[in-house]
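**Q** To be precise about what I am sending: the file is called start.cif and holds mmCIF, C-alpha atoms.
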```cif
data_entry
loop_
_atom_site.label_atom_id
_atom_site.label_comp_id
_atom_site.auth_asym_id
_atom_site.auth_seq_id
_atom_site.Cartn_x
_atom_site.Cartn_y
_atom_site.Cartn_z
CA MET A 9 142.62 115.21 84.67
CA HIS A 10 141.36 116.74 81.46
CA THR A 11 141.63 115.11 78.09
CA HIS A 12 141.39 116.74 74.74
CA ARG A 13 141.59 115.76 71.08
CA ASP A 14 144.77 116.80 69.32
CA HIS A 15 144.29 118.66 66.05
CA PRO A 16 146.85 119.09 63.26
CA THR A 17 148.86 122.20 63.89
CA PRO A 18 150.70 124.17 61.23
CA THR A 19 154.43 123.53 61.11
CA THR A 20 155.09 125.77 58.12
CA SER A 21 153.62 129.24 57.77
CA THR A 22 150.63 129.33 55.43
CA ALA A 23 151.82 132.72 54.21
CA ARG A 24 155.18 131.20 53.31
CA ILE A 25 153.50 128.43 51.32
CA VAL A 26 151.31 130.94 49.48
CA ALA A 27 154.32 133.15 48.72
CA LEU A 28 156.30 130.20 47.39
CA GLY A 29 153.31 129.09 45.31
CA VAL A 30 152.91 132.53 43.75
CA LEU A 31 156.65 132.78 43.06
CA THR A 32 156.58 129.31 41.47
CA ALA A 33 153.73 130.37 39.17
CA VAL A 34 155.50 133.61 38.22
CA LEU A 35 158.77 131.83 37.45
CA ALA A 36 156.95 129.14 35.45
CA ALA A 37 155.37 131.85 33.29
CA ALA A 38 158.70 133.70 33.01
CA THR A 39 160.46 130.52 31.89
CA MET A 40 158.07 130.21 28.96
CA LEU A 41 157.79 133.89 28.00
CA ALA A 42 160.80 135.96 29.09
CA PRO A 43 163.52 134.31 26.92
CA TRP A 44 161.61 135.28 23.77
CA LEU A 45 162.16 138.93 24.66
CA LEU A 46 165.87 138.37 24.04
CA VAL A 47 165.35 137.19 20.48
CA GLY A 48 162.75 139.85 19.74
CA SER A 49 160.37 137.55 17.87
CA GLY A 50 158.02 134.64 18.33
CA PRO A 51 158.34 131.05 17.10
CA ASP A 52 156.75 131.74 13.69
CA ALA A 53 159.03 134.68 12.96
CA MET A 54 162.02 132.67 14.17
CA ALA A 55 161.13 129.80 11.83
CA THR A 56 160.95 132.21 8.89
CA ALA A 57 164.21 133.98 9.77
CA PHE A 58 166.11 130.77 10.41
CA GLY A 59 164.83 129.17 7.21
CA SER A 60 166.12 132.09 5.18
CA ALA A 61 169.48 132.22 6.99
CA PHE A 62 169.94 128.45 6.72
CA ALA A 63 169.22 128.53 2.98
CA HIS A 64 171.82 131.27 2.61
CA PHE A 65 174.34 129.16 4.53
CA TRP A 66 173.64 125.94 2.66
CA THR A 67 173.79 127.45 -0.81
CA SER A 68 176.99 129.36 0.00
CA GLY A 69 178.98 126.12 0.12
CA SER A 70 181.15 127.64 2.85
CA GLY A 71 181.91 126.26 6.29
CA ALA A 72 181.77 129.79 7.74
CA PRO A 73 178.15 130.65 8.61
CA PRO A 74 177.03 133.97 7.09
CA ALA A 75 176.30 136.99 9.26
CA ASP A 76 172.52 136.47 9.33
CA LEU A 77 172.87 132.89 10.58
CA THR A 78 175.57 133.84 13.09
CA ALA A 79 173.31 136.53 14.54
CA LEU A 80 170.44 134.06 14.92
CA VAL A 81 172.67 131.43 16.52
CA ASP A 82 174.08 133.96 19.00
CA GLY A 83 170.59 135.15 19.87
CA TRP A 84 169.39 131.57 20.30
CA ARG A 85 172.29 130.86 22.66
CA ARG A 86 171.22 133.81 24.81
CA PHE A 87 167.65 132.48 24.68
CA HIS A 88 168.77 129.14 26.09
CA ILE A 89 171.01 130.71 28.74
CA ALA A 90 168.14 132.90 29.95
CA LYS A 91 165.74 129.97 30.00
CA ALA A 92 168.23 127.79 31.87
CA VAL A 93 168.81 130.50 34.50
CA ILE A 94 165.10 131.14 35.05
CA GLY A 95 164.47 127.39 35.01
CA LEU A 96 167.11 126.94 37.71
CA ALA A 97 165.37 129.56 39.86
CA LEU A 98 162.08 127.73 39.25
CA LEU A 99 163.70 124.45 40.28
CA VAL A 100 164.99 125.92 43.56
CA VAL A 101 161.67 127.55 44.44
CA ALA A 102 159.64 124.49 43.47
CA CYS A 103 161.86 122.29 45.66
CA ARG A 104 161.37 124.68 48.57
CA LEU A 105 157.61 124.65 47.97
CA THR A 106 157.65 120.85 47.91
CA ILE A 107 159.37 120.77 51.29
CA ALA A 108 157.04 123.44 52.69
CA LEU A 109 153.95 121.52 51.57
CA TYR A 110 155.31 118.28 52.98
CA ARG A 111 155.93 119.91 56.34
CA GLY A 112 152.84 122.08 56.19
CA THR A 113 150.87 120.34 58.90
CA SER A 114 151.27 117.60 61.44
CA GLU A 115 148.73 115.44 59.63
CA PRO A 116 149.58 111.73 59.16
CA THR A 117 152.85 111.32 57.31
CA ARG A 118 151.32 109.04 54.67
CA ARG A 119 149.22 111.95 53.37
CA ARG A 120 152.06 114.43 53.04
CA PRO A 121 153.47 113.18 49.71
CA LEU A 122 150.08 113.80 48.08
CA ARG A 123 150.15 117.41 49.28
CA ALA A 124 153.63 117.92 47.90
CA LEU A 125 153.20 115.98 44.62
CA PRO A 126 152.16 118.92 42.35
CA ALA A 127 155.12 121.04 43.46
CA ALA A 128 157.45 118.04 43.07
CA ALA A 129 156.16 117.57 39.51
CA VAL A 130 156.93 121.23 38.74
CA ALA A 131 160.43 120.74 40.15
CA ALA A 132 160.94 117.71 37.90
CA ILE A 133 159.80 119.69 34.85
CA ALA A 134 162.11 122.55 35.83
CA LEU A 135 165.03 120.12 36.01
CA VAL A 136 164.29 118.94 32.47
CA ILE A 137 164.06 122.58 31.31
CA VAL A 138 167.46 123.39 32.83
CA ALA A 139 169.10 120.31 31.29
CA ALA A 140 167.60 120.86 27.83
CA ASN A 141 168.55 124.53 27.75
CA ILE A 142 172.12 123.90 28.86
CA GLN A 143 172.30 121.55 25.88
CA GLY A 144 170.78 124.20 23.62
CA ALA A 145 173.21 126.87 24.84
CA ILE A 146 176.15 124.59 24.06
CA ALA A 147 174.94 123.75 20.52
CA PRO A 148 172.41 126.42 19.50
CA LEU A 149 172.68 125.71 15.77
CA SER A 150 171.43 122.14 16.22
CA SER A 151 168.77 123.44 18.59
CA LEU A 152 167.51 125.71 15.81
CA LEU A 153 167.18 122.93 13.22
CA PRO A 154 163.59 121.92 14.21
CA PHE A 155 162.47 125.37 13.02
CA LEU A 156 163.15 124.26 9.44
CA SER A 157 160.09 122.03 9.47
CA GLY A 158 158.00 124.95 10.72
CA SER A 159 159.07 127.46 8.07
CA GLY A 160 156.27 126.46 5.67
CA ASP A 161 158.44 127.57 2.75
CA PRO A 162 158.65 124.90 0.03
CA THR A 163 162.14 126.12 -0.89
CA ILE A 164 163.38 125.61 2.67
CA LEU A 165 161.76 122.18 2.88
CA ALA A 166 163.44 121.26 -0.40
CA ILE A 167 166.81 122.31 1.02
CA ALA A 168 166.15 120.18 4.10
CA GLY A 169 165.51 117.28 1.73
CA ARG A 170 168.85 117.91 0.01
CA VAL A 171 170.61 117.94 3.39
CA HIS A 172 169.13 114.52 4.11
CA ALA A 173 170.10 113.20 0.69
CA GLU A 174 173.70 114.38 1.02
CA VAL A 175 174.22 113.10 4.55
CA VAL A 176 172.95 109.67 3.44
CA ALA A 177 174.98 109.64 0.21
CA PRO A 178 177.74 112.28 0.23
CA VAL A 179 178.76 113.63 -3.16
CA GLY A 180 182.21 112.24 -3.93
CA GLY A 181 182.21 110.41 -0.60
CA GLU A 182 182.80 113.59 1.41
CA PHE A 183 180.51 116.01 3.16
CA SER A 184 180.25 119.55 1.86
CA ALA A 185 181.57 122.28 4.16
CA PRO A 186 178.10 123.35 5.43
CA LEU A 187 177.11 119.74 6.07
CA GLN A 188 180.32 119.07 8.01
CA VAL A 189 179.46 122.04 10.25
CA LEU A 190 176.03 120.51 10.91
CA VAL A 191 177.45 117.06 11.62
CA ASP A 192 180.03 118.44 14.04
CA ASP A 193 177.48 120.60 15.85
CA PHE A 194 175.06 117.67 16.08
CA ALA A 195 177.80 115.63 17.74
CA ARG A 196 178.38 118.47 20.22
CA TYR A 197 174.63 118.67 20.84
CA HIS A 198 174.35 115.01 21.80
CA THR A 199 177.62 114.95 23.72
CA ALA A 200 176.34 117.78 25.91
CA PHE A 201 173.19 115.90 26.82
CA ALA A 202 175.10 112.67 27.37
CA VAL A 203 177.23 114.47 29.97
CA ILE A 204 174.18 116.07 31.58
CA ALA A 205 172.31 112.76 31.73
CA GLY A 206 175.42 111.04 33.09
CA VAL A 207 175.77 113.58 35.90
CA LEU A 208 172.08 113.19 36.75
CA THR A 209 172.44 109.40 36.77
CA VAL A 210 175.34 109.53 39.21
CA GLY A 211 173.46 112.00 41.42
CA VAL A 212 170.30 109.89 41.48
CA LEU A 213 172.30 106.74 42.21
CA GLY A 214 173.87 108.57 45.15
CA ALA A 215 170.41 109.52 46.42
CA THR A 216 169.34 105.88 45.98
CA GLY A 217 172.23 104.79 48.18
CA VAL A 218 171.21 107.31 50.86
CA ALA A 219 167.63 105.99 50.79
CA LEU A 220 168.84 102.38 51.07
CA ARG A 221 171.06 103.30 54.01
CA ALA A 222 168.11 105.01 55.69
CA ALA A 223 166.08 101.84 55.20
CA ALA A 224 168.87 99.71 56.63
CA ILE A 225 169.10 101.69 59.88
CA ALA A 226 165.35 102.33 60.28
CA PRO A 227 163.24 100.23 62.64
CA ARG A 228 161.62 97.24 60.96
CA GLY A 229 158.21 98.88 60.78
CA ALA A 230 159.55 102.09 59.26
CA ARG A 231 161.44 100.71 56.28
CA THR A 232 158.66 100.77 53.69
CA ARG A 233 158.94 104.47 52.86
CA PRO A 234 162.74 104.66 52.32
CA LEU A 235 162.65 101.41 50.36
CA ALA A 236 159.89 102.76 48.12
CA CYS A 237 161.88 105.96 47.67
CA ALA A 238 164.99 103.95 46.76
CA ALA A 239 163.00 101.92 44.21
CA ALA A 240 161.60 105.08 42.60
CA LEU A 241 165.05 106.67 42.46
CA ALA A 242 166.50 103.51 40.93
CA LEU A 243 163.91 103.71 38.13
CA VAL A 244 164.83 107.36 37.53
CA ALA A 245 168.51 106.42 37.42
CA LEU A 246 167.72 103.70 34.90
CA ALA A 247 165.85 106.18 32.71
CA THR A 248 168.60 108.81 32.80
CA GLY A 249 171.19 106.10 32.18
CA VAL A 250 169.33 104.99 29.05
CA VAL A 251 169.14 108.62 27.87
CA CYS A 252 172.87 109.00 28.50
CA ALA A 253 173.69 105.86 26.50
CA ALA A 254 171.41 106.91 23.62
CA ASN A 255 173.07 110.31 23.38
CA ILE A 256 176.55 108.80 23.52
CA SER A 257 175.56 106.61 20.56
CA SER A 258 174.12 109.59 18.66
CA ALA A 259 177.24 111.67 19.33
CA ALA A 260 179.49 108.87 18.08
CA GLU A 261 177.39 108.47 14.93
CA SER A 262 176.31 112.08 14.50
CA ALA A 263 176.00 111.81 10.70
CA GLN A 264 173.54 108.94 11.02
CA ALA A 265 171.66 110.78 13.77
CA LEU A 266 171.44 113.86 11.53
CA ALA A 267 170.16 111.73 8.67
CA VAL A 268 167.43 110.34 10.92
CA PHE A 269 166.56 113.86 12.04
CA PHE A 270 166.16 115.21 8.51
CA GLY A 271 164.56 112.03 7.27
CA GLY A 272 161.97 111.92 10.07
#
```
Show me the file's structure as C-alpha coordinates.

**A**
Amino acid sequence: MHTHRDHPTPTTSTARIVALGVLTAVLAAATMLAPWLLVGSGPDAMATAFGSAFAHFWTSGSGAPPADLTALVDGWRRFHIAKAVIGLALLVVACRLTIALYRGTSEPTRRRPLRALPAAAVAAIALVIVAANIQGAIAPLSSLLPFLSGSGDPTILAIAGRVHAEVVAPVGGEFSAPLQVLVDDFARYHTAFAVIAGVLTVGVLGATGVALRAAAIAPRGARTRPLACAAALALVALATGVVCAANISSAAESAQALAVFFGG
(Lines of atoms letter the chains of each structure in order from A and count residues from 1; the text may use other names and numbers.)
(Lines give C-alpha, C1' and ligand atoms only; values in the text may rest on other atoms or scores of the structure.)
Protein backbone atom coordinates (compact mmCIF):
# COMPACT_ATOMS: atom_id res chain seq x y z
CA MET A 1 0.00 0.00 0.00
CA HIS A 2 1.35 3.39 -0.97
CA THR A 3 0.88 6.51 1.06
CA HIS A 4 1.22 10.05 -0.08
CA ARG A 5 0.87 13.55 1.34
CA ASP A 6 -2.22 15.43 0.24
CA HIS A 7 -1.61 18.91 -1.12
CA PRO A 8 -4.15 21.73 -1.42
CA THR A 9 -5.85 21.51 -4.77
CA PRO A 10 -7.53 24.41 -6.54
CA THR A 11 -11.31 24.43 -6.25
CA THR A 12 -11.79 27.69 -8.13
CA SER A 13 -10.00 28.51 -11.36
CA THR A 14 -7.06 30.84 -10.86
CA ALA A 15 -7.93 32.49 -14.16
CA ARG A 16 -11.43 33.17 -12.86
CA ILE A 17 -10.06 34.79 -9.71
CA VAL A 18 -7.67 36.94 -11.74
CA ALA A 19 -10.47 37.99 -14.10
CA LEU A 20 -12.74 38.92 -11.21
CA GLY A 21 -9.90 40.83 -9.56
CA VAL A 22 -9.19 42.83 -12.70
CA LEU A 23 -12.90 43.54 -13.22
CA THR A 24 -13.19 44.66 -9.58
CA ALA A 25 -10.29 47.09 -10.04
CA VAL A 26 -11.75 48.45 -13.29
CA LEU A 27 -15.18 48.97 -11.74
CA ALA A 28 -13.66 50.61 -8.65
CA ALA A 29 -11.87 53.11 -10.89
CA ALA A 30 -15.00 53.62 -13.00
CA THR A 31 -17.07 54.31 -9.89
CA MET A 32 -14.77 57.18 -8.96
CA LEU A 33 -14.16 58.62 -12.44
CA ALA A 34 -16.94 57.80 -14.91
CA PRO A 35 -19.83 59.73 -13.27
CA TRP A 36 -17.88 62.98 -13.62
CA LEU A 37 -18.07 62.58 -17.39
CA LEU A 38 -21.83 63.12 -17.12
CA VAL A 39 -21.47 66.50 -15.43
CA GLY A 40 -18.64 67.58 -17.71
CA SER A 41 -16.52 69.14 -14.97
CA GLY A 42 -14.45 68.31 -11.93
CA PRO A 43 -15.13 69.05 -8.25
CA ASP A 44 -13.54 72.51 -8.34
CA ALA A 45 -15.54 73.63 -11.36
CA MET A 46 -18.69 72.16 -9.83
CA ALA A 47 -18.10 74.10 -6.60
CA THR A 48 -17.74 77.33 -8.57
CA ALA A 49 -20.80 76.69 -10.75
CA PHE A 50 -23.00 75.62 -7.85
CA GLY A 51 -21.92 78.58 -5.73
CA SER A 52 -22.95 80.98 -8.47
CA ALA A 53 -26.26 79.19 -9.16
CA PHE A 54 -27.08 78.96 -5.45
CA ALA A 55 -26.41 82.68 -4.96
CA HIS A 56 -28.74 83.41 -7.86
CA PHE A 57 -31.42 81.22 -6.29
CA TRP A 58 -31.06 82.65 -2.80
CA THR A 59 -31.12 86.29 -3.84
CA SER A 60 -34.11 85.73 -6.14
CA GLY A 61 -36.39 85.18 -3.16
CA SER A 62 -38.38 82.67 -5.22
CA GLY A 63 -39.21 79.08 -4.39
CA ALA A 64 -38.71 78.11 -8.05
CA PRO A 65 -35.02 77.37 -8.66
CA PRO A 66 -33.60 79.31 -11.63
CA ALA A 67 -32.55 77.57 -14.82
CA ASP A 68 -28.85 77.43 -13.96
CA LEU A 69 -29.51 75.72 -10.62
CA THR A 70 -32.08 73.36 -12.15
CA ALA A 71 -29.55 72.27 -14.77
CA LEU A 72 -26.92 71.58 -12.11
CA VAL A 73 -29.37 69.64 -9.94
CA ASP A 74 -30.50 67.51 -12.90
CA GLY A 75 -26.90 66.82 -13.85
CA TRP A 76 -26.04 65.92 -10.26
CA ARG A 77 -28.96 63.48 -10.14
CA ARG A 78 -27.57 61.75 -13.24
CA PHE A 79 -24.15 61.70 -11.56
CA HIS A 80 -25.56 59.85 -8.56
CA ILE A 81 -27.61 57.44 -10.67
CA ALA A 82 -24.53 56.53 -12.72
CA LYS A 83 -22.41 56.10 -9.61
CA ALA A 84 -25.07 53.95 -7.94
CA VAL A 85 -25.35 51.70 -11.01
CA ILE A 86 -21.59 51.25 -11.36
CA GLY A 87 -21.32 50.80 -7.59
CA LEU A 88 -23.95 48.05 -7.76
CA ALA A 89 -21.93 46.28 -10.46
CA LEU A 90 -18.85 46.64 -8.26
CA LEU A 91 -20.76 45.18 -5.31
CA VAL A 92 -21.85 42.13 -7.32
CA VAL A 93 -18.38 41.47 -8.72
CA ALA A 94 -16.66 42.04 -5.38
CA CYS A 95 -19.05 39.56 -3.72
CA ARG A 96 -18.29 37.00 -6.41
CA LEU A 97 -14.56 37.60 -5.94
CA THR A 98 -14.96 37.16 -2.18
CA ILE A 99 -16.64 33.79 -2.71
CA ALA A 100 -14.04 32.76 -5.31
CA LEU A 101 -11.16 33.62 -2.97
CA TYR A 102 -12.80 31.80 -0.09
CA ARG A 103 -13.22 28.68 -2.19
CA GLY A 104 -9.94 29.12 -4.02
CA THR A 105 -8.10 26.21 -2.47
CA SER A 106 -8.73 23.33 -0.14
CA GLU A 107 -6.43 24.84 2.48
CA PRO A 108 -7.63 24.81 6.11
CA THR A 109 -10.96 26.59 6.44
CA ARG A 110 -9.69 28.91 9.19
CA ARG A 111 -7.34 30.59 6.69
CA ARG A 112 -9.93 31.23 4.02
CA PRO A 113 -11.51 34.37 5.55
CA LEU A 114 -8.10 36.07 5.48
CA ARG A 115 -7.81 35.36 1.76
CA ALA A 116 -11.24 36.79 1.09
CA LEU A 117 -11.05 39.78 3.48
CA PRO A 118 -9.76 42.42 0.99
CA ALA A 119 -12.49 41.60 -1.54
CA ALA A 120 -15.10 41.58 1.24
CA ALA A 121 -13.91 45.05 2.30
CA VAL A 122 -14.34 46.29 -1.28
CA ALA A 123 -17.86 44.82 -1.32
CA ALA A 124 -18.69 46.66 1.91
CA ILE A 125 -17.40 49.94 0.47
CA ALA A 126 -19.42 49.34 -2.70
CA LEU A 127 -22.56 48.84 -0.61
CA VAL A 128 -21.98 52.19 1.09
CA ILE A 129 -21.43 53.82 -2.32
CA VAL A 130 -24.70 52.41 -3.65
CA ALA A 131 -26.66 53.53 -0.56
CA ALA A 132 -25.16 57.04 -0.51
CA ASN A 133 -25.76 57.60 -4.21
CA ILE A 134 -29.36 56.42 -4.08
CA GLN A 135 -29.80 59.05 -1.39
CA GLY A 136 -28.08 61.65 -3.56
CA ALA A 137 -30.22 60.78 -6.59
CA ILE A 138 -33.38 61.26 -4.52
CA ALA A 139 -32.30 64.65 -3.11
CA PRO A 140 -29.54 66.02 -5.36
CA LEU A 141 -29.94 69.63 -4.19
CA SER A 142 -29.02 68.71 -0.62
CA SER A 143 -26.22 66.54 -1.95
CA LEU A 144 -24.79 69.60 -3.70
CA LEU A 145 -24.76 71.80 -0.59
CA PRO A 146 -21.27 70.69 0.62
CA PHE A 147 -19.84 72.33 -2.51
CA LEU A 148 -20.68 75.73 -1.02
CA SER A 149 -17.85 75.41 1.48
CA GLY A 150 -15.47 74.56 -1.37
CA SER A 151 -16.33 77.52 -3.60
CA GLY A 152 -13.68 79.77 -2.03
CA ASP A 153 -15.78 82.81 -2.95
CA PRO A 154 -16.28 85.15 0.03
CA THR A 155 -19.65 86.21 -1.39
CA ILE A 156 -20.88 82.61 -1.48
CA LEU A 157 -19.59 81.96 2.03
CA ALA A 158 -21.40 85.09 3.21
CA ILE A 159 -24.64 83.80 1.66
CA ALA A 160 -24.13 80.48 3.43
CA GLY A 161 -23.81 82.44 6.65
CA ARG A 162 -27.10 84.22 5.94
CA VAL A 163 -28.79 80.88 5.30
CA HIS A 164 -27.64 79.71 8.72
CA ALA A 165 -28.79 82.93 10.38
CA GLU A 166 -32.24 82.74 8.82
CA VAL A 167 -32.83 79.08 9.57
CA VAL A 168 -31.92 79.72 13.22
CA ALA A 169 -33.99 82.92 13.48
CA PRO A 170 -36.48 83.24 10.60
CA VAL A 171 -37.42 86.77 9.63
CA GLY A 172 -41.00 87.35 10.77
CA GLY A 173 -41.13 83.81 12.13
CA GLU A 174 -41.38 82.23 8.67
CA PHE A 175 -38.84 80.83 6.27
CA SER A 176 -38.26 82.58 2.98
CA ALA A 177 -39.29 80.66 -0.15
CA PRO A 178 -35.71 79.55 -1.03
CA LEU A 179 -35.05 78.44 2.54
CA GLN A 180 -38.28 76.42 2.64
CA VAL A 181 -37.12 74.60 -0.50
CA LEU A 182 -33.84 73.75 1.25
CA VAL A 183 -35.57 72.58 4.42
CA ASP A 184 -37.97 70.36 2.49
CA ASP A 185 -35.20 68.86 0.37
CA PHE A 186 -33.06 68.25 3.46
CA ALA A 187 -35.97 66.32 4.99
CA ARG A 188 -36.23 64.25 1.81
CA TYR A 189 -32.48 63.66 1.89
CA HIS A 190 -32.53 62.23 5.40
CA THR A 191 -35.76 60.31 4.90
CA ALA A 192 -34.19 58.52 1.94
CA PHE A 193 -31.22 57.37 3.97
CA ALA A 194 -33.42 56.39 6.91
CA VAL A 195 -35.33 54.05 4.58
CA ILE A 196 -32.11 52.68 3.09
CA ALA A 197 -30.57 52.09 6.51
CA GLY A 198 -33.81 50.51 7.73
CA VAL A 199 -33.87 48.06 4.82
CA LEU A 200 -30.22 47.18 5.45
CA THR A 201 -30.94 46.65 9.15
CA VAL A 202 -33.78 44.25 8.42
CA GLY A 203 -31.64 42.38 5.88
CA VAL A 204 -28.69 42.05 8.25
CA LEU A 205 -30.97 40.91 11.08
CA GLY A 206 -32.32 38.23 8.74
CA ALA A 207 -28.77 37.10 7.96
CA THR A 208 -28.06 37.07 11.71
CA GLY A 209 -31.00 34.74 12.22
CA VAL A 210 -29.71 32.42 9.48
CA ALA A 211 -26.27 32.32 11.14
CA LEU A 212 -27.82 31.56 14.54
CA ARG A 213 -29.90 28.76 13.03
CA ALA A 214 -26.77 27.33 11.41
CA ALA A 215 -25.06 27.40 14.80
CA ALA A 216 -28.02 25.69 16.44
CA ILE A 217 -28.01 22.73 14.04
CA ALA A 218 -24.22 22.43 13.72
CA PRO A 219 -22.27 19.81 15.69
CA ARG A 220 -20.98 21.08 19.01
CA GLY A 221 -17.43 21.49 17.75
CA ALA A 222 -18.48 23.42 14.65
CA ARG A 223 -20.54 26.19 16.22
CA THR A 224 -17.80 28.76 16.77
CA ARG A 225 -17.74 30.08 13.20
CA PRO A 226 -21.51 30.63 12.72
CA LEU A 227 -21.76 32.15 16.19
CA ALA A 228 -18.92 34.55 15.42
CA CYS A 229 -20.60 35.41 12.13
CA ALA A 230 -23.90 36.04 13.94
CA ALA A 231 -22.15 38.31 16.46
CA ALA A 232 -20.48 40.32 13.69
CA LEU A 233 -23.76 40.66 11.81
CA ALA A 234 -25.53 41.77 14.99
CA LEU A 235 -22.98 44.57 15.41
CA VAL A 236 -23.55 45.64 11.80
CA ALA A 237 -27.31 45.62 12.39
CA LEU A 238 -26.82 47.76 15.48
CA ALA A 239 -24.74 50.27 13.50
CA THR A 240 -27.24 50.52 10.63
CA GLY A 241 -30.08 50.77 13.14
CA VAL A 242 -28.38 53.73 14.82
CA VAL A 243 -27.86 55.38 11.42
CA CYS A 244 -31.53 54.80 10.59
CA ALA A 245 -32.68 56.36 13.88
CA ALA A 246 -30.35 59.36 13.44
CA ASN A 247 -31.68 60.05 9.95
CA ILE A 248 -35.29 59.70 11.09
CA SER A 249 -34.55 62.35 13.74
CA SER A 250 -32.86 64.62 11.19
CA ALA A 251 -35.76 64.23 8.74
CA ALA A 252 -38.28 65.09 11.46
CA GLU A 253 -36.28 68.17 12.46
CA SER A 254 -34.87 69.07 9.07
CA ALA A 255 -34.64 72.80 9.86
CA GLN A 256 -32.46 72.11 12.88
CA ALA A 257 -30.37 69.64 10.90
CA LEU A 258 -29.89 72.26 8.17
CA ALA A 259 -28.87 74.82 10.77
CA VAL A 260 -26.25 72.41 12.11
CA PHE A 261 -25.03 71.77 8.57
CA PHE A 262 -24.56 75.45 7.74
CA GLY A 263 -23.28 76.26 11.20
CA GLY A 264 -20.68 73.47 11.19

**Q** Written as a VMD selection string, what is the full residue list that the PyMOL selection byres ((chain A and resi 93-97) around 6) yields on the file shown?

**A** chain A and resid 39 90 to 92 98 to 100 134 138

**Q** Do a neighbour search on segment 74-81 of chain A at 8 Å with all atoms listed in the file, toss out local chain neighbours closer than 2 positions, and write the hits as a ChimeraX atom specification.

**A** /A:58,61-62,64-65,72,83-85,148-149,152

**Q** Return as JSON, numbers by chain the set of residues that the PyMOL selection byres ((chain A and resi 51) around 12) yields on the displayed structure.

**A** {"A": [40, 41, 43, 44, 45, 47, 48, 49, 50, 52, 53, 54, 55, 56, 57, 58, 59, 84, 152, 154, 155, 156, 157, 158, 159]}

**Q** If you measure from atom CA of Ala38 of chain A to atom CA of Ala124 of chain A, what distance in Å do you get, rounded to one decimal?

**A**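 Computing it gives 22.3 Å between the two atoms.
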
**Q** So which one's closest to Leu208 of chain A, A:Ala242, A:Ser150, A:Glu174, A:Ile89? Using all atoms listed in the file, please.

**A**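 Answer, going by the shortest atom-to-atom distance: A:Ala242.
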
**Q** Between atom CA of Ile167 of chain A and atom CA of Thr67 of chain A, what is the distance in Å, rounded to a tenth?

**A** 8.9 Å

**Q** Hey, what comes out of the PyMOL selection byres ((chain A and resi 69) around 9) on this file? Could you write it as a PyMOL selection string?

**A** chain A and resi 65-68+70-72+184-187

**Q** Write the selection just made, keeping C-alpha atoms, as a PDB file, in the coordinates of the input?

**A**
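In the end it all went to part_8.pdb:
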```pdb
ATOM      1  CA  PHE A  65     174.340 129.160   4.530  1.00  0.00           C
ATOM      2  CA  TRP A  66     173.640 125.940   2.660  1.00  0.00           C
ATOM      3  CA  THR A  67     173.790 127.450  -0.810  1.00  0.00           C
ATOM      4  CA  SER A  68     176.990 129.360   0.000  1.00  0.00           C
ATOM      5  CA  SER A  70     181.150 127.640   2.850  1.00  0.00           C
ATOM      6  CA  GLY A  71     181.910 126.260   6.290  1.00  0.00           C
ATOM      7  CA  ALA A  72     181.770 129.790   7.740  1.00  0.00           C
ATOM      8  CA  SER A 184     180.250 119.550   1.860  1.00  0.00           C
ATOM      9  CA  ALA A 185     181.570 122.280   4.160  1.00  0.00           C
ATOM     10  CA  PRO A 186     178.100 123.350   5.430  1.00  0.00           C
ATOM     11  CA  LEU A 187     177.110 119.740   6.070  1.00  0.00           C
TER      12      LEU A 187
END
```

**Q** Please produce segment 28-39 of chain A, completed to all heavy atoms, as a CSV table (one decimal), keeping the file's coordinate frame.

**A**
```
chain,number,residue,atom,x,y,z
A,28,LEU,N,155.5,131.1,48.2
A,28,LEU,CA,156.3,130.2,47.4
A,28,LEU,C,155.5,129.7,46.2
A,28,LEU,O,156.0,129.6,45.1
A,28,LEU,CB,156.8,129.0,48.2
A,28,LEU,CG,157.9,129.3,49.2
A,28,LEU,CD1,158.1,128.0,50.1
A,28,LEU,CD2,159.2,129.6,48.4
A,29,GLY,N,154.2,129.5,46.4
A,29,GLY,CA,153.3,129.1,45.3
A,29,GLY,C,153.2,130.2,44.3
A,29,GLY,O,153.2,129.9,43.1
A,30,VAL,N,153.0,131.4,44.7
A,30,VAL,CA,152.9,132.5,43.8
A,30,VAL,C,154.2,132.7,43.0
A,30,VAL,O,154.2,132.9,41.8
A,30,VAL,CB,152.5,133.8,44.5
A,30,VAL,CG1,152.7,135.0,43.6
A,30,VAL,CG2,151.1,133.7,45.1
A,31,LEU,N,155.3,132.6,43.7
A,31,LEU,CA,156.6,132.8,43.1
A,31,LEU,C,156.9,131.7,42.1
A,31,LEU,O,157.4,131.9,41.0
A,31,LEU,CB,157.8,132.8,44.1
A,31,LEU,CG,159.2,133.1,43.6
A,31,LEU,CD1,159.2,134.4,42.8
A,31,LEU,CD2,160.2,133.1,44.8
A,32,THR,N,156.5,130.4,42.4
A,32,THR,CA,156.6,129.3,41.5
A,32,THR,C,155.8,129.6,40.2
A,32,THR,O,156.3,129.3,39.1
A,32,THR,CB,156.1,128.0,42.1
A,32,THR,OG1,156.9,127.7,43.3
A,32,THR,CG2,156.1,126.8,41.2
A,33,ALA,N,154.6,130.1,40.3
A,33,ALA,CA,153.7,130.4,39.2
A,33,ALA,C,154.4,131.5,38.3
A,33,ALA,O,154.4,131.4,37.1
A,33,ALA,CB,152.3,130.8,39.6
A,34,VAL,N,154.9,132.5,39.0
A,34,VAL,CA,155.5,133.6,38.2
A,34,VAL,C,156.7,133.1,37.5
A,34,VAL,O,156.9,133.5,36.3
A,34,VAL,CB,155.9,134.7,39.2
A,34,VAL,CG1,156.8,135.8,38.5
A,34,VAL,CG2,154.6,135.4,39.8
A,35,LEU,N,157.6,132.3,38.1
A,35,LEU,CA,158.8,131.8,37.4
A,35,LEU,C,158.4,130.9,36.3
A,35,LEU,O,159.1,130.8,35.3
A,35,LEU,CB,159.7,131.1,38.5
A,35,LEU,CG,160.4,132.1,39.4
A,35,LEU,CD1,161.1,131.3,40.5
A,35,LEU,CD2,161.4,132.9,38.6
A,36,ALA,N,157.4,130.1,36.5
A,36,ALA,CA,157.0,129.1,35.4
A,36,ALA,C,156.5,129.9,34.2
A,36,ALA,O,156.9,129.6,33.1
A,36,ALA,CB,155.8,128.3,35.9
A,37,ALA,N,155.8,131.0,34.4
A,37,ALA,CA,155.4,131.8,33.3
A,37,ALA,C,156.6,132.5,32.7
A,37,ALA,O,156.7,132.6,31.4
A,37,ALA,CB,154.4,132.9,33.8
A,38,ALA,N,157.5,133.0,33.5
A,38,ALA,CA,158.7,133.7,33.0
A,38,ALA,C,159.6,132.7,32.2
A,38,ALA,O,160.2,133.2,31.2
A,38,ALA,CB,159.5,134.3,34.2
A,39,THR,N,159.7,131.5,32.6
A,39,THR,CA,160.5,130.5,31.9
A,39,THR,C,160.0,130.4,30.5
A,39,THR,O,160.8,130.2,29.5
A,39,THR,CB,160.4,129.2,32.6
A,39,THR,OG1,160.9,129.3,33.9
A,39,THR,CG2,161.3,128.1,31.9
```
